[in-house]
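Notes for the one structure printed next.
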Amino acid sequence: MLNIKNCTFNYKRKGVPTIDNFSLRLEEGGVYGLLGSNGVGKSTLLQLICGLLTPDSGEVTLNGINTRLRRPSTLDQIFLVPEEIGLPALKLDTFISLNGAFYPNFSKEDMYRHLDTFGLDRNIVLDKLSMGQKKKVALAFAMACNTKILLMDEPTNGLDIPAKSAFRKFIIESMSDDRIFVISTHQVRDVSQILDHILIMDKSKVLIDRTVNEIQDKLKFLDTTDASLIEKAVYAAKGLGGASIILPNDQGDDSELNLELLFDFAVTDPERLNSIFKS
Amino acid sequence: MIFEENNKAIYLQIADRICDDIMQGKYDSDNRIPSVREYAASVEVNANTVMRSYERLTSRNLIFNKRGIGFFVSPDAKEKIRCEKSEELMQKQLPPLFRLMCNLGISPDTLKKAYFDFLSVNGQSV
Amino acid sequence: MTNDIFSSRRFCLFIKQYAGENKKRFLQMTLGILGMLIFCTSILPVITGCYLHPSYNGIDTMWNKEESMFSFLLFLIVIISAASTFSSYDSKIKRISALTLPASTLEKFATCILFNVVAIYIVFFAGVLIADQIRVWTAPIYADPGAVIKPIPLSYLFSFGYIDGNTDISTFINDESMQAITMFTITGLLGLQAFFTLCSAIWPKRARLSGFVSLVGISIAFNTILFFSFRLVLNMYGMSFKFRWEEQFREMGMPTFMTIFYTINIIIIIGLYILSYKRLKEMESIERW
C-alpha cells in the first residue's frame, strides 16, 4: 500500500505550497485517476511518490518504507512514465537489455507484444523517434516492467486514437489485485471509463478522493431540459436547450458518472461536494 | 465500444448489450461468454464495472459461473430475455404509441397492414 | 534479499547501462583527447623548431617540451572530465530516469567516478603514448638527420623531466625536493579533480563555469597555503624566507612534513568526494535552492 502522509511541498520554499498537507492511501487493485488542470501539481505529486522530490514535511511510504530513500528494493517496484520522454541514442534491443535487467518482473515478450500493439518496428533507434513514438516506447517499456506501481503522467498526450485505445486495453488487462495504477491527466475523456478511483486536485488540495462506485451511489448524473430538475441540481452546466446536472442520488438510481461534470463541480464548489459524501 | 450518452449507467448498458447478443444467438455453440477481464478490455471499461454487469445478469439467472472455467449462458436465458423484452414492449413502449394512434385516429387495421408490409419488405416472418 | 546499499551484480548491470547510455559522449571525449594530444605533439616540434638541428648529447630535445605540455594537458583534461562526472543529471528529463533507476546511490556514484575520474587517466596516458609514437613516426619527415627522435620514456614523464634521458629511477627516489614537487603536483591534480567533481554534483549543467569561478576564489586561499608550504620546503634547503612557525617546522624534517601534507590532502580529497556523494543522495528532479 502506498501511503502519502501529510505531505507538503513547495517549489519556492515560500508562498503557497504546490502540495498542501496531502494524506492519501492508494490501495492495491486500484486504477486511480489523478485529475486536475494544467500546472496544479499532478506531476509534482507523482514525483513525490517515487522519491524524486523531498516533501517539505510529511512522507510517502510504500509498505512502510519511505520512498525518498530511493532504495533499489523500493524503486524496482515503482515505474514512472513522465510527461516528457527522454531516450538515449541506442537501438531498441540494446536499450531493453540494458534497462530491463533492473526490474525483476521485466518481460521481453511483453515488450515486443506492446510494441506490436502500438505498431512500432523492433529495429528502431530511439533518439530518432517522434514525440508520439517515444511515448509509445516508454509506455511499452513501463508496461513490460510489470512493476507493482505504475505512475503515468499524461500518458495519452501525443498518442493517436488507436494508441489511446491500446493503452486503455493494456490498463484493463494488466490490472490485478496487487497492482496500483495512477493515471494523471487533464484529458478526462481519454480515461474516464477505465478508472475506479477518482482523485481531483486543485489549489494545493485534494478536492475529492472516492471510488467510482461511491460517487455513483451518492450522485446522479443527468442531461435534461426539465427546469424543475435543473433547479434542484447541486451543480448544473447549462447548454443549448437544457443542462447537464448533478443531483443527490436519493432514490439509489444508477446513472453513469460524468467525470467532466464532476470535475467542474469539484473545482467550483468543493465543500458542497464533500458534504454530500459526509451525509 | 461507444456508449449512449443518455446517462444510463454503463454497467447496465453492458448488461443490455450482452442480453441482445444472447437473444441474437451469438453465444449458441458453447454458451461461454468472455471472462470479465476479456470483456472489459474489449470495451475498454474498468473490470469492476463489467463485474457489476455480470453480477446483475447472474442475479437475473441469465448467466451462471462455473468456477474455474468461466461464465456461461443459462439454458433458458434466450427465452427469458425474449419474454422480458416482449413484456417491456407491451407494457412500456406500446401504450405511448397507442395513445398517439388514438389521437391521430389511426385504426388497428392500418397498423396491422403496415406491420405485414414491413415484414415482407424485410424478408422476415413472425 | 539483495543488499540495498551495494550489490556487485547490480553494480555490473549499472556499469553496462551507464556505458551504453553515454557511449557517444565517451567516444567523443576519447577521440577528442586523442586528437588533441596527437595534434599538440605533432605541432610542437614544428613550432619550436627543435628538430631543425642535430641533438647535442644523444637526447631527444622534444622530451623537455613534451613534458610541460603533457603536464598542462593532463590538468586540463582531468578537470574537464571531472566537471562532467554527473552530466547524466544535467536536465530534468535525464534526472528523472537516472534517479528512478533501481540501483543504489553508491553504485551510481561509484560508476560515475569510475568512468569520469579514474578511467580518464588510462585514456590520457594511452593517448600520450600513441601521440608520442606518432611524433616519432612523422617527425623524421622534416627533421634534421642528426636530430635524435625517440619515444619518451615513462620514467621521464613521471619525474617531470628530472631524469634527462637517464632512465635510472633510483636517483629519483633519493632526492627530497623531487619528492616535494611530485607531492604538490599529485595532490594538486587530485584535489582539483575532486573539487570539480563536487562542482559537477552541485551544478551538473554548468560545472565548468561555476567550477572555474569558484576556483578563482578558492585558489587564492589554496595558493597562499602552497606558497607558505613552498617557503617551508625551500627554506629547508637554505633559502632565506621568514615566517612564524618556522622553527617548529624546520625541526620537523621533510618526511614528517610530507606525511602531514599528504594526510591532510587525502582527507580533504576524500571529504570532497563524500560531499559529492551526499549531494547525489539529496538530488531531486528539479533544482531548488
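We label chains A, B, ... in the order they appear in the C-alpha cells, count residues from 1 in each chain, and number ligands from 1 in the order shown.
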field: Residues flagged alpha helix (DSSP H) by DSSP in chain B, as a count of residues only
entry: 72
- request: With a cut-off of 6 Å and counting only C-alpha atoms, select all residues of chain B in contact with chain A and give the selection as an MDAnalysis selection string.
  value: chainID B and resid 7:10 41 44:46
field: Within 12 Å of Thr94 (chain A) using only C-alpha atoms, minus same-chain residues under 6 positions, as a list in words
entry: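 So the residues in contact are Leu87, Pro88, Gly100, Ala101, Lys108, Arg122, Asn123, Ile124, Val125 and Leu126 of chain A; Lys16, Gln17, Ala19, Gly20, Glu21 and Lys23 of chain C.
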Once you have the residues from the selection above, write them out as a PDB file, in the first residue's frame, restricted to N, CA and C atoms.
ATOM      1  N   LEU A  87      14.996   9.544 -24.363  1.00  0.00           N
ATOM      2  CA  LEU A  87      15.559   8.220 -24.611  1.00  0.00           C
ATOM      3  C   LEU A  87      16.973   8.373 -25.145  1.00  0.00           C
ATOM      4  N   PRO A  88      17.874   7.451 -24.784  1.00  0.00           N
ATOM      5  CA  PRO A  88      19.254   7.582 -25.242  1.00  0.00           C
ATOM      6  C   PRO A  88      19.394   7.173 -26.710  1.00  0.00           C
ATOM      7  N   GLY A 100      16.067  -3.237 -18.792  1.00  0.00           N
ATOM      8  CA  GLY A 100      15.085  -4.180 -18.268  1.00  0.00           C
ATOM      9  C   GLY A 100      15.618  -4.999 -17.110  1.00  0.00           C
ATOM     10  N   ALA A 101      16.930  -5.198 -17.113  1.00  0.00           N
ATOM     11  CA  ALA A 101      17.539  -6.053 -16.090  1.00  0.00           C
ATOM     12  C   ALA A 101      17.337  -5.535 -14.673  1.00  0.00           C
ATOM     13  N   LYS A 108      10.614  -9.463 -21.775  1.00  0.00           N
ATOM     14  CA  LYS A 108      10.939  -9.030 -23.131  1.00  0.00           C
ATOM     15  C   LYS A 108       9.778  -9.344 -24.082  1.00  0.00           C
ATOM     16  N   ARG A 122      10.635  -3.236 -34.404  1.00  0.00           N
ATOM     17  CA  ARG A 122      11.602  -3.533 -33.343  1.00  0.00           C
ATOM     18  C   ARG A 122      12.988  -2.962 -33.626  1.00  0.00           C
ATOM     19  N   ASN A 123      13.250  -2.645 -34.894  1.00  0.00           N
ATOM     20  CA  ASN A 123      14.613  -2.222 -35.219  1.00  0.00           C
ATOM     21  C   ASN A 123      14.779  -0.724 -35.221  1.00  0.00           C
ATOM     22  N   ILE A 124      14.191  -0.056 -34.235  1.00  0.00           N
ATOM     23  CA  ILE A 124      14.276   1.390 -34.245  1.00  0.00           C
ATOM     24  C   ILE A 124      15.443   1.882 -33.394  1.00  0.00           C
ATOM     25  N   VAL A 125      15.944   3.065 -33.776  1.00  0.00           N
ATOM     26  CA  VAL A 125      16.953   3.740 -32.953  1.00  0.00           C
ATOM     27  C   VAL A 125      16.226   4.817 -32.171  1.00  0.00           C
ATOM     28  N   LEU A 126      16.413   4.795 -30.864  1.00  0.00           N
ATOM     29  CA  LEU A 126      15.500   5.532 -30.007  1.00  0.00           C
ATOM     30  C   LEU A 126      15.536   7.050 -30.104  1.00  0.00           C
TER      31      LEU A 126
ATOM     32  N   LYS C  16      27.256  -1.357 -17.112  1.00  0.00           N
ATOM     33  CA  LYS C  16      26.903  -1.617 -18.525  1.00  0.00           C
ATOM     34  C   LYS C  16      25.894  -0.577 -19.015  1.00  0.00           C
ATOM     35  N   GLN C  17      24.895  -0.314 -18.190  1.00  0.00           N
ATOM     36  CA  GLN C  17      23.849   0.622 -18.592  1.00  0.00           C
ATOM     37  C   GLN C  17      24.425   2.019 -18.780  1.00  0.00           C
ATOM     38  N   ALA C  19      27.540   2.859 -19.382  1.00  0.00           N
ATOM     39  CA  ALA C  19      28.422   2.878 -20.547  1.00  0.00           C
ATOM     40  C   ALA C  19      27.601   2.948 -21.828  1.00  0.00           C
ATOM     41  N   GLY C  20      26.539   2.175 -21.885  1.00  0.00           N
ATOM     42  CA  GLY C  20      25.694   2.157 -23.072  1.00  0.00           C
ATOM     43  C   GLY C  20      25.041   3.499 -23.325  1.00  0.00           C
ATOM     44  N   GLU C  21      24.538   4.086 -22.253  1.00  0.00           N
ATOM     45  CA  GLU C  21      23.831   5.346 -22.405  1.00  0.00           C
ATOM     46  C   GLU C  21      24.764   6.484 -22.760  1.00  0.00           C
ATOM     47  N   LYS C  23      27.694   6.137 -24.306  1.00  0.00           N
ATOM     48  CA  LYS C  23      28.645   5.653 -25.301  1.00  0.00           C
ATOM     49  C   LYS C  23      29.143   6.778 -26.209  1.00  0.00           C
TER      50      LYS C  23
END
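Minimum distance to Gly36 (chain A) across A:Gly241, A:Ile200, A:Pro17, A:Ile4 (counting only C-alpha atoms) occurs at A:Ile200.
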message: Env of region 233-235 of chain A: 9 Å cut, atoms = only C-alpha atoms, seq-sep filter 5 positions within chain, self excluded. Answer as number ranges by chain.
response: A: 228, 244-248, 261-262, 264-265, 269, 272-273
Produce a file of the selected residues containing N, CA and C atoms, as a PDB file, in the first residue's frame.
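Listed below is the output, selection.pdb:
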ATOM      1  N   SER A 228     -37.485  22.123 -13.564  1.00  0.00           N
ATOM      2  CA  SER A 228     -37.619  21.866 -12.114  1.00  0.00           C
ATOM      3  C   SER A 228     -36.462  21.014 -11.610  1.00  0.00           C
ATOM      4  N   SER A 244     -26.568  19.812 -18.297  1.00  0.00           N
ATOM      5  CA  SER A 244     -26.063  18.587 -17.673  1.00  0.00           C
ATOM      6  C   SER A 244     -26.037  18.876 -16.193  1.00  0.00           C
ATOM      7  N   ILE A 245     -26.716  18.039 -15.411  1.00  0.00           N
ATOM      8  CA  ILE A 245     -26.805  18.352 -13.987  1.00  0.00           C
ATOM      9  C   ILE A 245     -26.365  17.180 -13.111  1.00  0.00           C
ATOM     10  N   ILE A 246     -26.128  17.544 -11.847  1.00  0.00           N
ATOM     11  CA  ILE A 246     -25.819  16.538 -10.832  1.00  0.00           C
ATOM     12  C   ILE A 246     -26.848  16.694  -9.722  1.00  0.00           C
ATOM     13  N   LEU A 247     -27.473  15.589  -9.376  1.00  0.00           N
ATOM     14  CA  LEU A 247     -28.433  15.592  -8.274  1.00  0.00           C
ATOM     15  C   LEU A 247     -27.976  14.635  -7.194  1.00  0.00           C
ATOM     16  N   PRO A 248     -28.423  14.884  -5.957  1.00  0.00           N
ATOM     17  CA  PRO A 248     -28.139  13.876  -4.931  1.00  0.00           C
ATOM     18  C   PRO A 248     -28.948  12.619  -5.258  1.00  0.00           C
ATOM     19  N   LEU A 261     -18.147  16.699 -15.726  1.00  0.00           N
ATOM     20  CA  LEU A 261     -19.079  17.489 -14.929  1.00  0.00           C
ATOM     21  C   LEU A 261     -18.691  17.446 -13.453  1.00  0.00           C
ATOM     22  N   LEU A 262     -18.337  16.253 -13.010  1.00  0.00           N
ATOM     23  CA  LEU A 262     -17.922  16.098 -11.627  1.00  0.00           C
ATOM     24  C   LEU A 262     -16.704  16.958 -11.336  1.00  0.00           C
ATOM     25  N   ASP A 264     -15.776  19.729 -12.866  1.00  0.00           N
ATOM     26  CA  ASP A 264     -16.163  21.141 -12.777  1.00  0.00           C
ATOM     27  C   ASP A 264     -16.821  21.433 -11.438  1.00  0.00           C
ATOM     28  N   PHE A 265     -17.673  20.517 -10.985  1.00  0.00           N
ATOM     29  CA  PHE A 265     -18.355  20.675  -9.711  1.00  0.00           C
ATOM     30  C   PHE A 265     -17.335  20.738  -8.578  1.00  0.00           C
ATOM     31  N   ASP A 269     -17.221  24.044  -6.380  1.00  0.00           N
ATOM     32  CA  ASP A 269     -17.854  24.032  -5.056  1.00  0.00           C
ATOM     33  C   ASP A 269     -17.447  22.789  -4.265  1.00  0.00           C
ATOM     34  N   ARG A 272     -19.470  21.746  -0.966  1.00  0.00           N
ATOM     35  CA  ARG A 272     -20.793  21.147  -1.201  1.00  0.00           C
ATOM     36  C   ARG A 272     -20.642  19.683  -1.582  1.00  0.00           C
ATOM     37  N   LEU A 273     -19.660  19.446  -2.451  1.00  0.00           N
ATOM     38  CA  LEU A 273     -19.422  18.081  -2.914  1.00  0.00           C
ATOM     39  C   LEU A 273     -19.078  17.170  -1.735  1.00  0.00           C
TER      40      LEU A 273
END
message: So that I can check the secondary structure, give me every residue of region 6-219 of chain A assigned strand (DSSP E) by backbone DSSP, as a VMD selection string.
response: chain A and resid 6 to 9 19 to 26 30 to 35 57 to 62 65 to 66 78 to 81 149 to 153 180 to 185 197 to 202 205 to 211 219
Output C-alpha atoms for every residue in that selection, as an mmCIF file, in the first residue's frame.
data_model
loop_
_atom_site.group_PDB
_atom_site.id
_atom_site.type_symbol
_atom_site.label_atom_id
_atom_site.label_comp_id
_atom_site.auth_asym_id
_atom_site.auth_seq_id
_atom_site.Cartn_x
_atom_site.Cartn_y
_atom_site.Cartn_z
ATOM 1 C CA ASN A 6 0.617 14.816 5.496
ATOM 2 C CA CYS A 7 2.829 15.779 2.608
ATOM 3 C CA THR A 8 3.522 19.391 1.891
ATOM 4 C CA PHE A 9 5.729 20.557 -0.937
ATOM 5 C CA ILE A 19 1.000 20.365 -2.388
ATOM 6 C CA ASP A 20 -0.549 21.283 0.945
ATOM 7 C CA ASN A 21 -0.872 18.616 3.583
ATOM 8 C CA PHE A 22 -1.963 15.744 1.383
ATOM 9 C CA SER A 23 -2.926 12.494 3.020
ATOM 10 C CA LEU A 24 -3.836 9.693 0.644
ATOM 11 C CA ARG A 25 -3.831 5.939 0.787
ATOM 12 C CA LEU A 26 -3.533 4.156 -2.522
ATOM 13 C CA GLY A 30 -6.937 0.353 -7.872
ATOM 14 C CA VAL A 31 -6.764 2.298 -11.107
ATOM 15 C CA TYR A 32 -6.513 5.844 -9.806
ATOM 16 C CA GLY A 33 -7.285 8.849 -11.931
ATOM 17 C CA LEU A 34 -5.402 11.933 -10.765
ATOM 18 C CA LEU A 35 -7.291 14.787 -12.340
ATOM 19 C CA SER A 57 7.004 17.925 5.617
ATOM 20 C CA GLY A 58 5.371 14.508 5.793
ATOM 21 C CA GLU A 59 6.435 11.406 3.917
ATOM 22 C CA VAL A 60 5.442 8.880 1.304
ATOM 23 C CA THR A 61 5.830 5.225 2.190
ATOM 24 C CA LEU A 62 5.482 2.044 0.184
ATOM 25 C CA ILE A 65 9.416 2.195 3.633
ATOM 26 C CA ASN A 66 9.970 5.858 2.852
ATOM 27 C CA ILE A 78 7.692 1.648 -8.983
ATOM 28 C CA PHE A 79 7.843 2.941 -12.525
ATOM 29 C CA LEU A 80 7.138 6.497 -13.582
ATOM 30 C CA VAL A 81 6.352 7.395 -17.168
ATOM 31 C CA ILE A 149 3.099 0.502 -9.053
ATOM 32 C CA LEU A 150 2.814 2.239 -12.379
ATOM 33 C CA LEU A 151 2.614 6.007 -12.408
ATOM 34 C CA MET A 152 1.795 7.721 -15.662
ATOM 35 C CA ASP A 153 1.938 11.463 -16.245
ATOM 36 C CA ILE A 180 -1.650 0.157 -8.307
ATOM 37 C CA PHE A 181 -2.012 2.296 -11.410
ATOM 38 C CA VAL A 182 -2.080 6.071 -11.188
ATOM 39 C CA ILE A 183 -3.025 7.959 -14.322
ATOM 40 C CA SER A 184 -2.518 11.686 -14.087
ATOM 41 C CA THR A 185 -4.281 13.627 -16.783
ATOM 42 C CA HIS A 197 -10.852 5.700 -8.077
ATOM 43 C CA ILE A 198 -11.105 9.403 -8.650
ATOM 44 C CA LEU A 199 -8.669 11.944 -7.177
ATOM 45 C CA ILE A 200 -9.273 15.554 -8.067
ATOM 46 C CA MET A 201 -6.649 18.157 -7.263
ATOM 47 C CA ASP A 202 -6.954 21.914 -7.242
ATOM 48 C CA LYS A 205 -5.564 20.433 -2.113
ATOM 49 C CA VAL A 206 -7.191 17.118 -2.857
ATOM 50 C CA LEU A 207 -10.808 18.009 -3.511
ATOM 51 C CA ILE A 208 -12.152 14.516 -3.741
ATOM 52 C CA ASP A 209 -10.800 11.033 -3.097
ATOM 53 C CA ARG A 210 -13.508 8.479 -3.809
ATOM 54 C CA THR A 211 -14.171 5.317 -5.723
ATOM 55 C CA LEU A 219 -24.746 11.279 -7.024
#
Could the residues of chain A within 8 Å of chain C, counting only C-alpha atoms, be given as an mmCIF file with C-alpha atoms, in the first residue's frame, please?
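Result file follows (selection_32.cif):
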data_model
loop_
_atom_site.group_PDB
_atom_site.id
_atom_site.type_symbol
_atom_site.label_atom_id
_atom_site.label_comp_id
_atom_site.auth_asym_id
_atom_site.auth_seq_id
_atom_site.Cartn_x
_atom_site.Cartn_y
_atom_site.Cartn_z
ATOM 1 C CA TYR A 11 8.838 24.663 -5.168
ATOM 2 C CA LYS A 12 9.861 28.057 -3.913
ATOM 3 C CA GLN A 47 7.400 12.745 -8.414
ATOM 4 C CA CYS A 50 8.657 7.947 -6.382
ATOM 5 C CA GLY A 51 11.147 9.875 -4.283
ATOM 6 C CA LEU A 52 12.250 12.358 -6.914
ATOM 7 C CA LEU A 53 11.310 15.260 -4.672
ATOM 8 C CA THR A 54 11.655 15.668 -0.935
ATOM 9 C CA ARG A 70 15.277 5.690 -3.114
ATOM 10 C CA ARG A 71 16.272 2.213 -2.107
ATOM 11 C CA PRO A 72 16.636 -0.119 -5.068
ATOM 12 C CA SER A 73 14.243 -2.571 -3.443
ATOM 13 C CA THR A 74 11.597 0.168 -3.427
ATOM 14 C CA LEU A 75 12.488 1.653 -6.804
ATOM 15 C CA ASP A 76 12.166 -1.656 -8.628
ATOM 16 C CA PHE A 79 7.843 2.941 -12.525
ATOM 17 C CA LEU A 80 7.138 6.497 -13.582
ATOM 18 C CA PRO A 82 6.989 11.155 -17.208
ATOM 19 C CA GLU A 84 8.290 14.348 -21.444
ATOM 20 C CA ILE A 85 10.241 11.318 -22.529
ATOM 21 C CA GLY A 86 13.999 11.231 -22.948
ATOM 22 C CA PRO A 88 19.254 7.582 -25.242
ATOM 23 C CA ALA A 89 20.796 7.143 -28.674
ATOM 24 C CA LEU A 90 20.630 3.379 -28.654
ATOM 25 C CA LEU A 98 20.465 -2.673 -20.500
ATOM 26 C CA ASN A 99 17.482 -1.277 -18.628
ATOM 27 C CA ALA A 101 17.539 -6.053 -16.090
ATOM 28 C CA PHE A 102 16.858 -3.717 -13.196
ATOM 29 C CA TYR A 103 13.249 -4.745 -12.919
#
- request: Would you list the contacts of Ile69 (chain B) as a list in words, taking every protein, DNA or RNA residue within 12 Å and counting only C-alpha atoms, but skipping same-chain residues closer than 2 positions in sequence?
  value: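 Non-adjacent residues within range: Arg32, Ile33, Pro34, Ser35, Phe64, Asn65, Lys66, Arg67, Phe71 and Phe72 of chain B.
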Next, write the just-selected residues to a file, as a PDB file, in the first residue's frame, keeping C-alpha atoms as the atom set.
ATOM      1  CA  ARG B  32     -19.415 -19.476 -22.982  1.00  0.00           C
ATOM      2  CA  ILE B  33     -19.180 -15.696 -22.667  1.00  0.00           C
ATOM      3  CA  PRO B  34     -15.846 -13.867 -22.334  1.00  0.00           C
ATOM      4  CA  SER B  35     -14.280 -13.522 -18.901  1.00  0.00           C
ATOM      5  CA  PHE B  64     -24.044 -18.530 -14.374  1.00  0.00           C
ATOM      6  CA  ASN B  65     -20.469 -19.001 -13.266  1.00  0.00           C
ATOM      7  CA  LYS B  66     -18.728 -22.351 -13.479  1.00  0.00           C
ATOM      8  CA  ARG B  67     -15.897 -21.997 -11.011  1.00  0.00           C
ATOM      9  CA  PHE B  71     -19.296 -17.623 -17.306  1.00  0.00           C
ATOM     10  CA  PHE B  72     -21.904 -19.418 -19.357  1.00  0.00           C
TER      11      PHE B  72
END
task: Please provide as a PyMOL selection string all residues within 12 Å of Ile43 (chain C), with the sequence filter that same-chain residues fewer than 3 positions apart are discarded (counting only C-alpha atoms).
output: chain C and resi 35-40+46-51+62+65-66+69+131-132+134-135+138-139+142
Could those selected residues go to a file with N, CA and C atoms, as a PDB file, in the first residue's frame?
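Done, and the output landed in selection.pdb:
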ATOM      1  N   GLY C  35      42.879  13.223 -30.315  1.00  0.00           N
ATOM      2  CA  GLY C  35      43.135  14.197 -31.372  1.00  0.00           C
ATOM      3  C   GLY C  35      43.963  15.357 -30.877  1.00  0.00           C
ATOM      4  N   MET C  36      43.597  15.855 -29.708  1.00  0.00           N
ATOM      5  CA  MET C  36      44.312  16.979 -29.152  1.00  0.00           C
ATOM      6  C   MET C  36      45.763  16.626 -28.869  1.00  0.00           C
ATOM      7  N   LEU C  37      45.979  15.453 -28.296  1.00  0.00           N
ATOM      8  CA  LEU C  37      47.337  15.035 -27.971  1.00  0.00           C
ATOM      9  C   LEU C  37      48.170  14.852 -29.235  1.00  0.00           C
ATOM     10  N   ILE C  38      47.579  14.176 -30.223  1.00  0.00           N
ATOM     11  CA  ILE C  38      48.318  13.944 -31.467  1.00  0.00           C
ATOM     12  C   ILE C  38      48.658  15.279 -32.127  1.00  0.00           C
ATOM     13  N   PHE C  39      47.676  16.149 -32.149  1.00  0.00           N
ATOM     14  CA  PHE C  39      47.900  17.453 -32.767  1.00  0.00           C
ATOM     15  C   PHE C  39      49.022  18.213 -32.058  1.00  0.00           C
ATOM     16  N   CYS C  40      48.939  18.267 -30.750  1.00  0.00           N
ATOM     17  CA  CYS C  40      49.933  19.024 -29.997  1.00  0.00           C
ATOM     18  C   CYS C  40      51.320  18.418 -30.134  1.00  0.00           C
ATOM     19  N   VAL C  46      57.448  21.343 -34.747  1.00  0.00           N
ATOM     20  CA  VAL C  46      57.423  22.292 -35.857  1.00  0.00           C
ATOM     21  C   VAL C  46      57.500  23.727 -35.334  1.00  0.00           C
ATOM     22  N   ILE C  47      56.705  23.990 -34.303  1.00  0.00           N
ATOM     23  CA  ILE C  47      56.682  25.351 -33.752  1.00  0.00           C
ATOM     24  C   ILE C  47      58.013  25.718 -33.106  1.00  0.00           C
ATOM     25  N   THR C  48      58.539  24.765 -32.314  1.00  0.00           N
ATOM     26  CA  THR C  48      59.757  25.098 -31.590  1.00  0.00           C
ATOM     27  C   THR C  48      61.010  24.918 -32.450  1.00  0.00           C
ATOM     28  N   GLY C  49      60.808  24.227 -33.542  1.00  0.00           N
ATOM     29  CA  GLY C  49      61.941  24.057 -34.451  1.00  0.00           C
ATOM     30  C   GLY C  49      63.091  23.269 -33.856  1.00  0.00           C
ATOM     31  N   CYS C  50      62.795  22.408 -32.885  1.00  0.00           N
ATOM     32  CA  CYS C  50      63.916  21.748 -32.213  1.00  0.00           C
ATOM     33  C   CYS C  50      64.510  20.587 -33.004  1.00  0.00           C
ATOM     34  N   TYR C  51      63.864  20.212 -34.089  1.00  0.00           N
ATOM     35  CA  TYR C  51      64.469  19.155 -34.905  1.00  0.00           C
ATOM     36  C   TYR C  51      65.221  19.710 -36.104  1.00  0.00           C
ATOM     37  N   MET C  62      62.849  17.089 -27.754  1.00  0.00           N
ATOM     38  CA  MET C  62      61.407  17.310 -27.605  1.00  0.00           C
ATOM     39  C   MET C  62      60.899  16.909 -26.231  1.00  0.00           C
ATOM     40  N   LYS C  65      60.053  19.641 -23.748  1.00  0.00           N
ATOM     41  CA  LYS C  65      58.875  20.434 -24.094  1.00  0.00           C
ATOM     42  C   LYS C  65      57.591  19.617 -23.973  1.00  0.00           C
ATOM     43  N   GLU C  66      57.728  18.360 -24.369  1.00  0.00           N
ATOM     44  CA  GLU C  66      56.548  17.480 -24.263  1.00  0.00           C
ATOM     45  C   GLU C  66      56.108  17.372 -22.808  1.00  0.00           C
ATOM     46  N   MET C  69      54.130  20.274 -21.782  1.00  0.00           N
ATOM     47  CA  MET C  69      52.850  20.291 -22.488  1.00  0.00           C
ATOM     48  C   MET C  69      51.912  19.218 -21.939  1.00  0.00           C
ATOM     49  N   ALA C 131      50.210   9.329 -29.118  1.00  0.00           N
ATOM     50  CA  ALA C 131      50.587  10.597 -29.755  1.00  0.00           C
ATOM     51  C   ALA C 131      52.100  10.701 -29.882  1.00  0.00           C
ATOM     52  N   ASP C 132      52.784  10.276 -28.852  1.00  0.00           N
ATOM     53  CA  ASP C 132      54.229  10.329 -28.860  1.00  0.00           C
ATOM     54  C   ASP C 132      54.796   9.455 -29.966  1.00  0.00           C
ATOM     55  N   ILE C 134      53.366   8.589 -32.658  1.00  0.00           N
ATOM     56  CA  ILE C 134      53.075   9.206 -33.955  1.00  0.00           C
ATOM     57  C   ILE C 134      54.086  10.304 -34.254  1.00  0.00           C
ATOM     58  N   ARG C 135      54.469  11.016 -33.220  1.00  0.00           N
ATOM     59  CA  ARG C 135      55.513  12.034 -33.400  1.00  0.00           C
ATOM     60  C   ARG C 135      56.797  11.369 -33.896  1.00  0.00           C
ATOM     61  N   THR C 138      56.340  10.533 -37.513  1.00  0.00           N
ATOM     62  CA  THR C 138      56.171  11.593 -38.510  1.00  0.00           C
ATOM     63  C   THR C 138      57.290  12.613 -38.525  1.00  0.00           C
ATOM     64  N   ALA C 139      57.935  12.837 -37.382  1.00  0.00           N
ATOM     65  CA  ALA C 139      58.962  13.889 -37.337  1.00  0.00           C
ATOM     66  C   ALA C 139      60.119  13.682 -38.306  1.00  0.00           C
ATOM     67  N   TYR C 142      60.550  15.781 -41.624  1.00  0.00           N
ATOM     68  CA  TYR C 142      61.097  17.132 -41.796  1.00  0.00           C
ATOM     69  C   TYR C 142      62.319  17.411 -40.922  1.00  0.00           C
TER      70      TYR C 142
END
